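K.L.:
One structure follows; several queries about it will come next.
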Amino acid sequence: MRTVALASPSRSQAEVSALRVAVVAALSATMMLFASLASALLVRRAFEDWRPAAAAWPWILLGFGLAASAGMEIAGRSLGSLRVAGFAILGLSSGLYLAGALFVLGSLVSGPYGLSRPHDAFIALLLGVHVLHAILGTAFAARVLRAASGGSSETDFALARLVTHFLTALLVFILALLFLPR
Amino acid sequence: MSRIFSLDHRVIGLQYLFTAMAMAIVGGLLALLIRIQIAWPDHDYSWIAVVLPAGFDSGIMKPEFYAALFTMHGTIMIFFVLSAALIGGFGNYLIPLQVGARDMAFPRLNALSYWIYALSSVVILASFYVPSGPAASGWTAYPPLSALKAAIPGSNLGQDLWLVAMALFIVSFTLGGLNFLATILAMRRPGLSMLDLPLFSWSMLFVAILGLLAFPSLTAAAIMLLFDRHAGTSFFLPAGVVLSGDLIPGGGGSPILWQHLFWFLGHPEVYILMLPSLGITSDMFTVFTGRRVFGYKSMVVAMALISGMSFLVWGHHMFVSGMSPFLGSAFAVTTTLIAVPSGIKVFNWIASLWNRPLRLTTPMLWALGIFSLFVTGGLSGIWLGQTQVDIQLHDTAFVVAHFHIIMAGAALFGVFAGVHYWFPLFFGRMMSERLGIAHFLATFVFYYATFFPMHMAGLEGQIRRVYDPYQYEYLKPLAAMNGFITWAAIALAVSQLLFFWNFFTSLRGGSPAGVNPWSAASLEWTESESEGSPEPGPLSAAVER
């Protein structure tokens with residue numbers, strides 16, 4: 001096997017650019033995943049046995065999601081103690097969202113009907129997949145923010161904001177799809 | 001160990017290539033078993049039963065084992081061989097070299113991508129050894145067969161392993177796709193514009209986009225199917241399914257929904273396999289005619305159009321699913337429209353070859369073979385894209401002929417073209433041209449001999465996925481033709497021994513390649529040349545840019 005030594009473009013600039021491309025591509029793939037799940041829901045809810053149930057928890061989870069985004073914005077737009085407060089809001093609301101969503105999923109699975117009712121099945125499906133992405137997204141945001149705190153990279157901060165807001169937007173989308181009347 | 005778990009894109013590319021070769025042997029042997037069964041279903045195959053006792057009863061193949069064979073053959077060849085070799089193998093090795101980067105944008109992610117692929121290969125192969133056998137619902141995994149664990153033996157644990165393997169494969173492909181996009185778009189050497197890239201790199205760019213946007217649909221479907229199988233949901237299970245006299249509780253879902261989600265991936269997957277081969281063909285024509293392929297920019301546009309339009313045609317796989325005839329007509333129109341960018345490619349290739357001195361090296365012969373298959377399979381594709389014809393030919397051997405020529409054949413020939421062409425770059429030695437040409441001629445002849453007669457069998461009404469066609473009186477006259485096809489398939493398989501012999505003996509015994517043995521002008525060759533090797537290739541003056 002040959003070794004080919006090549007002159008590369010400025011490493012940091014290229015790396016930043018590559019990370020941005022990768023994040024946008026990953027979010028696009030995630031969006032397609034949720035679009036596929038949403039299209040399945042749109043097909044399924046046209047059937048006669050579709051009986052949506054009202055509940056309060058979606059609004060609570062939505063509140064946590066929006067608070068996470070707000071915390072991210074506060075942290076991104078300020079310095080000093082306000083930035084710390086923003087991170088605290090972000091961390092707390094993300095944790096509460098994950099705990100709340102997992103509680104809802106557990107309740108559905110262990111409930112009297114399990115997931116046999118179509119509306120419950122789609123709640124478990126969409127919320128479960130969102131929780132999985134929220135965990136991955138939070139891990140990614142934490143990692144780039146940690147990197148940003150050392151080198152103060154605005155790009156890293158921007159990527160963390162993008163991922164956080166994207167996840168919140170997804171949550172708004174799936175809750176609207178599941179609970180807003182047709 | 002550091003070599004095995006290397007982060008070097010070249011090592012990872014070769015790891016993909018060798019794993020895909022191993023999987024190709026498995027997938028090819030399964031194909032032979034399928035063909036032998038179709039040709040001579042009543043024969044006593046006790047000698048095969050020694051190796052696979054669970055699949056035979058007194059030497060006669062069981063129907064459910066036959067279903068497992070075509071399921072695993074399709075799955076392994078499409079995902080674990082062709083996608084892996086063309087994209088994981090060539091893509092990983094060549095993209096950084098062709099764009100002038102040191103490595104992939106994210107080397108760790110790249111290595112992770114390979115190891116997840118390797119794990120998914122192990123999982124899919126492991127399903128042969130579970131007591132209920134591997135999945136048997138076809139590579140399309142249509143429910144309710146795939147959703148009901150008790151439907152047939154293969155619907156049990158084997159189907160779960162199939163779903164897990166596919167999920168792992170998709171994760172692997174997604175990580176690879178992110179890397180490809182980031183490397184091509186962000187890591188190019190300064191001054192190297194996108195329009196300086198070889199068409200192979202362009203094809204990798206489009207393949208990455210297609211995969212990232214299309215595979216999530218199968219991911220969604222696979223998650224829902226796992227829910228149906230294990231969590232008591234009924235996304236795909238209709239109401240009123242009776243199995244062995246018992247009514248299945250629940251239901252109310254739609255098996256057609258699976259088909260939509262599956263084919264939203266399934267059709268772009270066709271182009272995920274074909275675009276790299278088309279890119280390789282164009283690059284071969286550049287190198288071996290001594291002039292840049294005709295209409296380079298229009299080739300890029302054609303690939304972009306093919307990629308974009310591949311998302312608009314999935315319904316042509318579902319003309320007989322009971323869809324509205326108006327919707328069917330719309331899908332027929334979009335399907336036919338793909339002939340336009342495909343035609344651009346074909347006519348550009350003709351113009352590239354026209355009145356030029358051709359160097360008929362082994363890679364060039366494979367590229368010409370791809371050209372031939374692309375036209376032959378494309379023409380039958382136009383037939384099958386029309387509802388009126390497709391309703392008659394759906395699920396017949398005609399369809400098997402079509403997709404083996406246009407998709408499997410073009411992709412497989414692309415692998416051979418790429419291996420012969422880049423072998424000197426990979427290993428510093430040449431493969432034998434004499435053996436290579438013999439391998440090409442035998443493969444080309446026997447490939448057509450195997451698959452072209454299937455058009456006739458399909459027109460005569462031979463349905464696919466039936467383990468004994470001659471249980472139907474009207475198919476008995478096709479026994480001789482099926483025998484011929486099977487002998488051709490056996491000859492095709494034997495021909496591949498030439499390739500393996502050539503490949504492995506050339507690793508050590510091939511003549512030293514020099515730096516640029518094909519006098520190519522793309523970066524993966526010219527960078528080596530500019531390093532001042534003792535044997536600089538006679539580069540580039542002949543290659544008009």
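The chains in the structure tokens are called A, B, ... from first to last as shown; in each chain the residues are counted from 1, and the ligands are counted from 1 in the order shown.
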Show me, as JSON lines, the residues of chain B having an atom within 7 Å of chain A, each with the closest atom pair and its distance in Å, using only C-alpha atoms.

P.N.:
{"residue": "B:Gly100", "atom": "CA", "partner": "A:Leu6", "partner_atom": "CA", "distance": 6.4}
{"residue": "B:Ala101", "atom": "CA", "partner": "A:Ser8", "partner_atom": "CA", "distance": 5.7}
{"residue": "B:Arg102", "atom": "CA", "partner": "A:Leu6", "partner_atom": "CA", "distance": 6.0}
{"residue": "B:Ala105", "atom": "CA", "partner": "A:Ala18", "partner_atom": "CA", "distance": 6.4}
{"residue": "B:Leu178", "atom": "CA", "partner": "A:Ala22", "partner_atom": "CA", "distance": 5.2}
{"residue": "B:Asn179", "atom": "CA", "partner": "A:Ala22", "partner_atom": "CA", "distance": 7.0}
{"residue": "B:Ala182", "atom": "CA", "partner": "A:Ala18", "partner_atom": "CA", "distance": 4.6}
{"residue": "B:Thr183", "atom": "CA", "partner": "A:Ala18", "partner_atom": "CA", "distance": 6.6}
{"residue": "B:Ala186", "atom": "CA", "partner": "A:Ala18", "partner_atom": "CA", "distance": 5.0}
{"residue": "B:Met187", "atom": "CA", "partner": "A:Ala14", "partner_atom": "CA", "distance": 5.6}
{"residue": "B:Arg189", "atom": "CA", "partner": "A:Pro9", "partner_atom": "CA", "distance": 5.6}
{"residue": "B:Pro190", "atom": "CA", "partner": "A:Pro9", "partner_atom": "CA", "distance": 5.8}
{"residue": "B:Leu212", "atom": "CA", "partner": "A:Ala29", "partner_atom": "CA", "distance": 5.2}
{"residue": "B:Leu213", "atom": "CA", "partner": "A:Ala29", "partner_atom": "CA", "distance": 5.4}
{"residue": "B:Pro216", "atom": "CA", "partner": "A:Leu33", "partner_atom": "CA", "distance": 4.5}
{"residue": "B:Ser217", "atom": "CA", "partner": "A:Ser36", "partner_atom": "CA", "distance": 5.4}
{"residue": "B:Ala220", "atom": "CA", "partner": "A:Leu37", "partner_atom": "CA", "distance": 5.9}
{"residue": "B:Ala231", "atom": "CA", "partner": "A:Leu115", "partner_atom": "CA", "distance": 6.6}
{"residue": "B:Gly232", "atom": "CA", "partner": "A:Ser116", "partner_atom": "CA", "distance": 5.5}
{"residue": "B:Thr233", "atom": "CA", "partner": "A:Ser116", "partner_atom": "CA", "distance": 5.0}
{"residue": "B:Ser234", "atom": "CA", "partner": "A:Ser116", "partner_atom": "CA", "distance": 7.0}
{"residue": "B:Gly250", "atom": "CA", "partner": "A:Ser116", "partner_atom": "CA", "distance": 7.0}
{"residue": "B:Leu257", "atom": "CA", "partner": "A:Ala40", "partner_atom": "CA", "distance": 6.9}
{"residue": "B:Leu425", "atom": "CA", "partner": "A:Arg2", "partner_atom": "CA", "distance": 6.9}
{"residue": "B:Phe426", "atom": "CA", "partner": "A:Met1", "partner_atom": "CA", "distance": 5.3}
{"residue": "B:Phe427", "atom": "CA", "partner": "A:Met1", "partner_atom": "CA", "distance": 4.8}
{"residue": "B:Gly428", "atom": "CA", "partner": "A:Met1", "partner_atom": "CA", "distance": 6.2}
{"residue": "B:Glu527", "atom": "CA", "partner": "A:Val4", "partner_atom": "CA", "distance": 6.8}
{"residue": "B:Ser528", "atom": "CA", "partner": "A:Val4", "partner_atom": "CA", "distance": 6.0}

K.L.:
How would the residues just picked look written out with C-alpha atoms as a CSV table (one decimal), in the first residue's frame?

P.N.:
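As a result, out_37.csv now contains:
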chain,number,residue,atom,x,y,z
B,100,GLY,CA,-6.6,15.9,-1.8
B,101,ALA,CA,-7.3,15.4,1.9
B,102,ARG,CA,-5.1,13.6,4.4
B,105,ALA,CA,-13.1,14.3,8.0
B,178,LEU,CA,-21.8,11.9,7.0
B,179,ASN,CA,-18.1,11.4,6.6
B,182,ALA,CA,-18.1,16.4,5.0
B,183,THR,CA,-14.9,15.2,3.3
B,186,ALA,CA,-15.2,20.6,3.3
B,187,MET,CA,-11.9,18.9,3.1
B,189,ARG,CA,-7.5,20.8,-1.2
B,190,PRO,CA,-7.5,24.6,-1.8
B,212,LEU,CA,-28.9,9.9,4.4
B,213,LEU,CA,-32.3,10.9,3.1
B,216,PRO,CA,-34.3,6.8,7.6
B,217,SER,CA,-37.5,5.6,5.9
B,220,ALA,CA,-38.7,4.1,10.7
B,231,ALA,CA,-44.6,-4.5,21.8
B,232,GLY,CA,-48.2,-5.5,20.9
B,233,THR,CA,-48.7,-2.7,18.3
B,234,SER,CA,-50.3,-3.2,14.9
B,250,GLY,CA,-55.6,-6.8,17.5
B,257,LEU,CA,-47.9,1.2,4.7
B,425,LEU,CA,-2.9,1.8,-6.1
B,426,PHE,CA,-4.1,-0.5,-3.3
B,427,PHE,CA,-1.2,-3.0,-3.5
B,428,GLY,CA,1.5,-1.6,-5.8
B,527,GLU,CA,0.0,12.7,-6.2
B,528,SER,CA,2.0,9.5,-6.1

K.L.:
Do you know which residues are at most 12 Å from Phe140 (chain A) counting only C-alpha atoms, after dropping those on the same chain fewer than 6 positions away, and could you put them as an NGL selection string?

P.N.:
:A and (19 or 23 or 26 or 133-134 or 146-147 or 156-157 or 159-164)

K.L.:
Okay, now the selection with N, CA and C atoms, as a short mmCIF file (atom, residue, chain, number, x, y, z; two decimals), in the first residue's frame?

P.N.:
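Below you can see result05.cif, which holds the result:
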data_model
loop_
_atom_site.label_atom_id
_atom_site.label_comp_id
_atom_site.auth_asym_id
_atom_site.auth_seq_id
_atom_site.Cartn_x
_atom_site.Cartn_y
_atom_site.Cartn_z
N LEU A 19 -17.38 19.73 10.30
CA LEU A 19 -18.30 19.46 11.40
C LEU A 19 -19.67 20.06 11.10
N VAL A 23 -23.10 17.96 10.84
CA VAL A 23 -24.26 18.20 11.71
C VAL A 23 -25.50 18.47 10.88
N ALA A 26 -26.65 15.23 9.46
CA ALA A 26 -27.27 14.36 10.47
C ALA A 26 -28.67 14.85 10.82
N HIS A 133 -33.07 10.47 20.30
CA HIS A 133 -32.34 11.55 19.63
C HIS A 133 -31.99 12.67 20.61
N ALA A 134 -32.86 12.89 21.60
CA ALA A 134 -32.55 13.93 22.59
C ALA A 134 -31.31 13.54 23.39
N ARG A 146 -18.31 21.87 25.77
CA ARG A 146 -17.11 21.71 26.58
C ARG A 146 -15.88 22.17 25.78
N ALA A 147 -15.88 21.79 24.49
CA ALA A 147 -14.79 22.24 23.63
C ALA A 147 -14.82 23.76 23.50
N ASP A 156 -18.77 26.16 17.45
CA ASP A 156 -19.25 25.07 18.30
C ASP A 156 -20.52 25.48 19.03
N PHE A 157 -20.53 26.70 19.51
CA PHE A 157 -21.71 27.19 20.21
C PHE A 157 -22.91 27.20 19.26
N LEU A 159 -23.41 25.37 16.70
CA LEU A 159 -23.86 24.00 16.41
C LEU A 159 -24.68 23.44 17.56
N ALA A 160 -24.23 23.72 18.79
CA ALA A 160 -24.99 23.24 19.95
C ALA A 160 -26.38 23.87 19.98
N ARG A 161 -26.44 25.15 19.65
CA ARG A 161 -27.74 25.83 19.60
C ARG A 161 -28.62 25.22 18.52
N LEU A 162 -28.01 24.98 17.38
CA LEU A 162 -28.78 24.42 16.26
C LEU A 162 -29.40 23.07 16.66
N VAL A 163 -28.59 22.22 17.28
CA VAL A 163 -29.08 20.89 17.65
C VAL A 163 -30.18 21.00 18.70
N THR A 164 -29.97 21.86 19.70
CA THR A 164 -30.97 22.00 20.76
C THR A 164 -32.29 22.51 20.20
#

K.L.:
How would you write, as a PyMOL selection string, the set of residues in chain A that DSSP gives as helix (DSSP H, G or I)?

P.N.:
chain A and resi 11-44+57-77+80-110+118-151+154-179

K.L.:
CA of Phe452 (chain B) to CA of Val375 (chain B): how many Å, to one decimal?

P.N.:
13.1 Å

K.L.:
Could you work out how far CA of Met431 (chain B) lies from CA of Pro363 (chain B), giving the answer in Å with one decimal?

P.N.:
10.6 Å

K.L.:
Please provide as a list in words all residues within 10 Å of Pro424 (chain B), with the sequence filter that same-chain residues fewer than 6 positions apart are discarded (counting only C-alpha atoms).

P.N.:
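Answer for this query is Met1 and Arg2 of chain A; Met430, Met431, Ser506, Leu507, Gly510, Ser511, Pro512, Ala513, Gly514, Val515, Asn516, Pro517, Trp518 and Trp525 of chain B.
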
K.L.:
When you count only C-alpha atoms, which of these residues is closest to Val104 (chain A): A:Gly65, A:Pro58, A:Pro52, A:Gly137?

P.N.:
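Smallest distance to Val104 (chain A) is found for A:Pro58.
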
K.L.:
Counting only C-alpha atoms, which of B:Asp196, B:Ala304, B:Arg229, B:Ile87 gets nearest to Ile280 (chain B)?

P.N.:
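Smallest distance to Ile280 (chain B) is found for B:Ile87.
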
K.L.:
Would you compute the distance between CA of Trp349 (chain B) and CA of Met284 (chain B)? Give it in Å to one decimal.

P.N.:
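Answer for the CA of Trp349 (chain B) to CA of Met284 (chain B) separation: 10.6 Å.
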
K.L.:
With only C-alpha atoms as the counted atoms, please give the residues lying no more than 10 Å from Glu460 (chain B), apart from itself and same-chain residues fewer than 2 positions off, as a PDB file with C-alpha atoms, in the first residue's frame.

P.N.:
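And here's part24.pdb as it stands now:
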ATOM      1  CA  LEU B 393     -45.160  -8.989 -15.450  1.00  0.00           C
ATOM      2  CA  THR B 396     -42.335 -12.822 -12.669  1.00  0.00           C
ATOM      3  CA  ALA B 397     -38.894 -13.898 -13.798  1.00  0.00           C
ATOM      4  CA  PHE B 398     -38.948 -10.886 -16.153  1.00  0.00           C
ATOM      5  CA  MET B 454     -35.366 -15.023 -17.713  1.00  0.00           C
ATOM      6  CA  HIS B 455     -37.113 -12.310 -19.736  1.00  0.00           C
ATOM      7  CA  MET B 456     -38.642 -15.057 -21.851  1.00  0.00           C
ATOM      8  CA  ALA B 457     -39.499 -17.173 -18.829  1.00  0.00           C
ATOM      9  CA  GLY B 458     -41.208 -14.172 -17.277  1.00  0.00           C
ATOM     10  CA  GLN B 462     -43.013 -17.942 -14.625  1.00  0.00           C
ATOM     11  CA  ILE B 463     -43.587 -16.446 -11.199  1.00  0.00           C
ATOM     12  CA  TYR B 474     -48.360 -24.361 -17.573  1.00  0.00           C
ATOM     13  CA  LEU B 475     -44.775 -23.907 -16.364  1.00  0.00           C
ATOM     14  CA  PRO B 477     -42.566 -26.535 -20.699  1.00  0.00           C
ATOM     15  CA  LEU B 478     -40.072 -24.079 -19.163  1.00  0.00           C
TER      16      LEU B 478
END

K.L.:
Need the shell around Leu197 (chain B): protein/DNA/RNA residues with any atom at most 8 Å away, counting only C-alpha atoms. Skip same-chain ones fewer than 5 positions apart. Format as a PyMOL selection string?

P.N.:
chain B and resi 98-99+192+202+522

K.L.:
Limited to N, CA and C atoms, could you put the picked residues into a file as a short mmCIF file (atom, residue, chain, number, x, y, z; two decimals), in the first residue's frame?

P.N.:
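What landed in out_7.cif:
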data_model
loop_
_atom_site.label_atom_id
_atom_site.label_comp_id
_atom_site.auth_asym_id
_atom_site.auth_seq_id
_atom_site.Cartn_x
_atom_site.Cartn_y
_atom_site.Cartn_z
N GLN B 98 -8.83 11.49 -3.84
CA GLN B 98 -9.31 12.24 -5.01
C GLN B 98 -9.61 13.69 -4.68
N VAL B 99 -9.87 14.01 -3.40
CA VAL B 99 -10.12 15.41 -3.07
C VAL B 99 -8.88 16.07 -2.46
N LEU B 192 -8.92 23.19 -5.52
CA LEU B 192 -9.57 22.08 -6.22
C LEU B 192 -11.08 22.30 -6.17
N TRP B 202 -18.01 12.42 -7.46
CA TRP B 202 -19.36 13.00 -7.56
C TRP B 202 -20.41 11.95 -7.23
N SER B 522 -6.23 11.74 -12.44
CA SER B 522 -6.90 12.13 -11.20
C SER B 522 -5.91 12.05 -10.03
#

K.L.:
For Pro143 (chain B), list every protein, DNA or RNA residue within 10 Å, evaluated using only C-alpha atoms, and leave out those in the same chain fewer than 5 positions away; present the list as a VMD selection string.

P.N.:
chain B and resid 137 148 155 225 228 235 to 238 254 to 259

K.L.:
Looking at only C-alpha atoms, which of B:Val399, B:Ile272, B:Ala367, B:Met309 is the one that sits closest to Ala85 (chain B)?

P.N.:
B:Ile272
